[in-house]
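Enquirer: Data file coords23.cif (mmCIF, C-alpha atoms) is appended below.
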```cif
data_protein
#
loop_
_atom_site.label_atom_id
_atom_site.label_comp_id
_atom_site.auth_asym_id
_atom_site.auth_seq_id
_atom_site.Cartn_x
_atom_site.Cartn_y
_atom_site.Cartn_z
CA MET A 217 18.39 39.49 9.80
CA PRO A 218 17.64 36.05 8.25
CA ARG A 219 16.96 33.26 10.68
CA GLN A 220 19.73 30.69 10.83
CA GLU A 221 18.62 27.25 9.66
CA ILE A 222 19.76 24.14 11.50
CA LYS A 223 21.74 21.72 9.33
CA GLN A 224 19.50 18.72 8.81
CA ASP A 225 20.06 15.31 7.31
CA LYS A 226 18.26 13.93 4.32
CA ASN A 227 15.46 11.59 5.50
CA TRP A 228 12.23 10.04 4.30
CA TYR A 229 9.03 11.58 5.66
CA ALA A 230 5.42 10.48 5.33
CA ILE A 231 2.87 13.09 4.33
CA HIS A 232 -0.84 12.61 4.74
CA THR A 233 -3.05 13.37 1.74
CA TYR A 234 -6.72 13.21 0.86
CA ALA A 235 -7.47 9.56 0.06
CA GLY A 236 -7.46 8.88 -3.66
CA TYR A 237 -5.27 11.90 -4.44
CA GLU A 238 -1.87 10.33 -3.70
CA ALA A 239 -0.71 10.30 -7.35
CA ALA A 240 -1.95 13.87 -7.92
CA VAL A 241 -0.15 15.07 -4.79
CA ALA A 242 3.08 13.36 -5.90
CA ARG A 243 2.79 14.93 -9.36
CA ASN A 244 2.00 18.41 -7.98
CA LEU A 245 4.79 18.24 -5.43
CA LYS A 246 7.35 17.23 -8.08
CA GLN A 247 6.25 20.20 -10.22
CA ARG A 248 6.45 22.58 -7.25
CA VAL A 249 9.95 21.33 -6.37
CA GLU A 250 11.06 22.08 -9.93
CA SER A 251 9.35 25.44 -10.30
CA MET A 252 10.50 26.66 -6.86
CA GLY A 253 14.08 25.42 -7.27
CA MET A 254 13.96 23.05 -4.27
CA GLU A 255 15.89 20.14 -5.87
CA ASP A 256 18.65 20.63 -3.30
CA LYS A 257 16.22 20.00 -0.41
CA ILE A 258 13.46 17.74 -1.79
CA PHE A 259 14.86 14.75 -3.65
CA ASN A 260 12.23 12.04 -4.11
CA VAL A 261 8.45 11.76 -3.98
CA ILE A 262 6.84 8.32 -4.18
CA VAL A 263 3.47 6.65 -3.72
CA PRO A 264 4.30 3.16 -2.37
CA THR A 265 2.49 0.46 -4.39
CA GLU A 266 2.68 -3.31 -4.83
CA LYS A 267 1.20 -5.83 -7.27
CA LYS A 268 -1.97 -7.68 -6.24
CA ILE A 269 -4.11 -10.24 -8.04
CA ARG A 270 -7.85 -9.59 -8.12
CA ILE A 271 -10.75 -11.19 -9.89
CA LYS A 272 -12.55 -9.03 -12.41
CA GLY A 273 -15.19 -10.53 -14.66
CA GLY A 274 -14.14 -14.03 -13.57
CA LYS A 275 -10.54 -13.47 -14.67
CA ARG A 276 -7.34 -12.95 -12.73
CA VAL A 277 -6.13 -9.38 -13.12
CA GLU A 278 -2.84 -8.02 -11.79
CA GLU A 279 -3.21 -4.52 -10.35
CA GLU A 280 -1.02 -1.99 -8.60
CA GLU A 281 -2.39 -1.33 -5.12
CA LYS A 282 -1.33 1.43 -2.73
CA ILE A 283 0.45 0.01 0.31
CA TYR A 284 -0.51 3.00 2.48
CA PRO A 285 -3.63 4.67 1.06
CA GLY A 286 -3.68 8.38 1.94
CA TYR A 287 0.11 8.68 2.30
CA VAL A 288 3.01 9.76 0.10
CA LEU A 289 6.69 9.43 1.00
CA VAL A 290 9.06 12.35 0.49
CA GLU A 291 12.86 12.19 0.75
CA MET A 292 13.97 15.63 1.87
CA ILE A 293 15.96 17.85 4.18
CA VAL A 294 13.45 19.64 6.39
CA THR A 295 13.98 23.42 6.47
CA ASP A 296 11.41 26.19 6.81
CA ASP A 297 11.37 26.51 2.99
CA SER A 298 11.08 22.81 2.14
CA TRP A 299 8.47 22.25 4.88
CA TYR A 300 6.43 25.13 3.43
CA VAL A 301 6.61 23.77 -0.15
CA VAL A 302 5.39 20.30 0.91
CA ARG A 303 2.84 21.51 3.47
CA ASN A 304 1.21 23.91 1.00
CA THR A 305 0.91 21.46 -1.87
CA PRO A 306 -2.79 21.09 -2.72
CA ARG A 307 -4.50 18.12 -0.97
CA VAL A 308 -1.67 17.60 1.53
CA THR A 309 -3.15 17.58 5.03
CA GLY A 310 0.17 17.47 6.85
CA PHE A 311 3.30 15.58 7.81
CA VAL A 312 3.20 12.48 9.96
CA GLY A 313 4.84 13.50 13.24
CA THR A 314 4.30 15.07 16.59
CA GLY A 315 2.95 18.57 16.63
CA VAL A 316 4.47 20.78 13.95
CA TYR A 317 7.68 18.79 13.55
CA PRO A 318 7.80 16.02 10.96
CA VAL A 319 9.25 12.74 12.25
CA PRO A 320 11.47 10.83 9.80
CA VAL A 321 10.33 7.36 8.81
CA ASN A 322 12.56 4.68 10.34
CA PRO A 323 15.25 3.77 7.72
CA LYS A 324 14.60 0.02 8.28
CA GLU A 325 10.89 0.59 7.51
CA VAL A 326 11.80 2.47 4.32
CA GLU A 327 14.17 -0.35 3.28
CA ASP A 328 11.47 -3.00 3.91
CA LEU A 329 8.95 -0.91 1.98
CA PHE A 330 11.24 -0.63 -1.05
CA LYS A 331 11.84 -4.40 -0.98
CA ARG A 332 8.09 -4.94 -0.94
CA MET A 333 7.63 -2.53 -3.88
CA LYS A 334 10.39 -4.14 -5.97
CA THR A 335 9.36 -7.75 -5.48
CA ASP A 336 8.13 -9.58 -8.55
CA THR A 337 6.00 -11.95 -6.53
CA THR A 338 2.42 -10.87 -6.73
CA THR A 339 0.31 -11.25 -3.64
CA HIS A 340 -3.27 -12.41 -3.91
CA LYS A 341 -6.02 -10.29 -2.43
CA ILE A 342 -8.39 -12.84 -0.93
CA ASP A 343 -11.46 -11.26 0.58
CA LEU A 344 -12.45 -14.29 2.66
CA GLN A 345 -12.28 -14.90 6.39
CA ILE A 346 -11.93 -18.17 8.28
CA GLY A 347 -15.40 -19.44 9.18
CA GLU A 348 -17.14 -17.73 6.23
CA SER A 349 -19.61 -19.75 4.15
CA VAL A 350 -18.75 -20.19 0.47
CA ILE A 351 -20.07 -22.04 -2.54
CA ILE A 352 -17.65 -23.84 -4.84
CA VAL A 353 -18.09 -22.57 -8.41
CA ASP A 354 -15.48 -24.65 -10.22
CA GLY A 355 -13.80 -28.04 -10.06
CA PRO A 356 -14.92 -31.48 -8.86
CA PHE A 357 -16.84 -30.06 -5.86
CA LYS A 358 -18.79 -27.53 -7.96
CA GLU A 359 -22.08 -26.33 -6.41
CA GLN A 360 -21.23 -27.68 -2.96
CA ASP A 361 -21.04 -25.27 -0.09
CA GLY A 362 -18.65 -25.22 2.80
CA LYS A 363 -16.86 -23.13 5.37
CA VAL A 364 -13.42 -21.54 4.95
CA SER A 365 -10.94 -23.16 7.35
CA ASP A 366 -7.67 -21.62 6.11
CA VAL A 367 -6.51 -18.77 3.82
CA ASP A 368 -3.07 -18.78 2.17
CA GLU A 369 -2.78 -15.41 0.39
CA ALA A 370 0.81 -16.04 -0.71
CA ARG A 371 -0.22 -19.11 -2.75
CA GLY A 372 -3.74 -17.91 -3.62
CA LYS A 373 -5.21 -21.02 -2.00
CA ILE A 374 -7.91 -21.61 0.58
CA LYS A 375 -9.07 -24.67 2.51
CA VAL A 376 -12.79 -25.26 2.62
CA LEU A 377 -14.54 -27.77 4.86
CA VAL A 378 -16.97 -29.68 2.63
CA SER A 379 -19.52 -32.16 3.95
CA MET A 380 -18.78 -35.61 2.47
CA PHE A 381 -20.14 -38.93 3.71
CA GLY A 382 -21.56 -37.31 6.83
CA ARG A 383 -18.33 -35.59 7.90
CA GLU A 384 -16.53 -32.36 7.16
CA THR A 385 -13.49 -32.86 4.94
CA PRO A 386 -10.93 -30.14 4.17
CA VAL A 387 -10.49 -29.45 0.45
CA GLU A 388 -7.75 -27.16 -0.89
CA LEU A 389 -8.97 -24.88 -3.66
CA ASP A 390 -7.75 -21.94 -5.67
CA PHE A 391 -9.46 -18.79 -4.36
CA LEU A 392 -11.02 -18.36 -7.82
CA GLN A 393 -12.99 -21.58 -7.33
CA VAL A 394 -15.25 -20.20 -4.59
CA LYS A 395 -17.75 -17.38 -4.00
CA LYS A 396 -19.13 -15.99 -0.76
CA ILE A 397 -22.68 -17.09 0.00
#
```
Would you mind writing the structure in this file as structure tokens?
Expert:
Amino acid sequence: MPRQEIKQDKNWYAIHTYAGYEAAVARNLKQRVESMGMEDKIFNVIVPTEKKIRIKGGKRVEEEEKIYPGYVLVEMIVTDDSWYVVRNTPRVTGFVGTGVYPVPVNPKEVEDLFKRMKTDTTTHKIDLQIGESVIIVDGPFKEQDGKVSDVDEARGKIKVLVSMFGRETPVELDFLQVKKI
């Protein structure tokens, strides 16, 4: 006699994957859903990404960066069958949850995540900490060194304390204008 399945709601779930294989897992899972006829239980598979600005070869480059490396989101109704399809996708290490049971991602978190993914404002990835020593490589203070006193990733700006006339003076610079010492 077949086991009776509990009627479940459609929710978003996070699955843990081998780092660096998120896109491959998403692709494989989509193919498995199609080939195993699970479209009525597994609806969406996404790798959450956002735009970041990085410096490569002295130039600003806009890149897609994973928001949660090692995780893929799946919108699905959890049944024995759908759980099995996801869980046995190559390079999936498991669902995020307690024990064997997947725990749905909070709908507010999913909504915030989608807003973050859709935004056209690019965030700057500034790999500098307050108190770090830097050398200014561009602008009127070129070749002077100083200490980082503030980091504003949203604007791509940093404040550096530069020694002028025997005192430290804060100077606002674009993060491209400095290098770590």
Enquirer: Could you work out how far atom CA of A:Ala239 lies from atom CA of A:Thr295, giving the answer in Å with one decimal?
Expert: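 Spanning atom CA of A:Thr295 to atom CA of A:Ala239 is a straight-line distance of 24.1 Å.
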Enquirer: Suppose a student applies the PyMOL selection byres ((chain A and resi 250-264) around 10) to this structure; what residues should they get, written as a PyMOL selection string?
Expert: chain A and resi 224-230+238-249+265-266+280-295+297-299+301-302+329-330+332-333
Enquirer: Between A:Pro318, A:Ile231, A:Ile342, A:Lys358, single out the one closest to A:Lys268, counting only C-alpha atoms.
Expert: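 Comparing A:Pro318, A:Ile231, A:Ile342, A:Lys358 against A:Lys268, the winner is A:Ile342.
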Enquirer: Tell me, in Å to one decimal, how far atom CA of A:Val394 is from atom CA of A:Ala370.
Expert: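 Here the two named atoms are 17.0 Å from each other.
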Enquirer: Between atom CA of A:Gly313 and atom CA of A:Glu325, measure the distance and give it in Å to one decimal.
Expert: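 Rounded to one decimal, the two atoms are 15.4 Å apart.
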Enquirer: Could you check the closest approach to A:Arg276 for each of A:Glu327, A:Asp390, A:Asp336, A:Asp366 and tell me which residue wins, using all atoms listed in the file?
Expert: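 Closest candidate: A:Asp390.
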Enquirer: Taking into account all atoms listed in the file, which residue in the set A:Asp296, A:Asp328, A:Glu384, A:Glu278 is nearest to A:Lys363?
Expert: A:Glu384
Enquirer: Name the closest residue to A:Gly362 among the candidates A:Ala235, A:Pro323, A:Lys331, A:Lys395; distances are taken between atoms, counting all atoms listed in the file.
Expert: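 Under the stated criterion, the closest residue is A:Lys395.
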Enquirer: Since I can't run it myself right now, could you work out what the PyMOL selection byres ((chain A and resi 372-379) around 10) selects here and report it as a PyMOL selection string?
Expert: chain A and resi 269+338-342+344-352+357+360-371+380-394
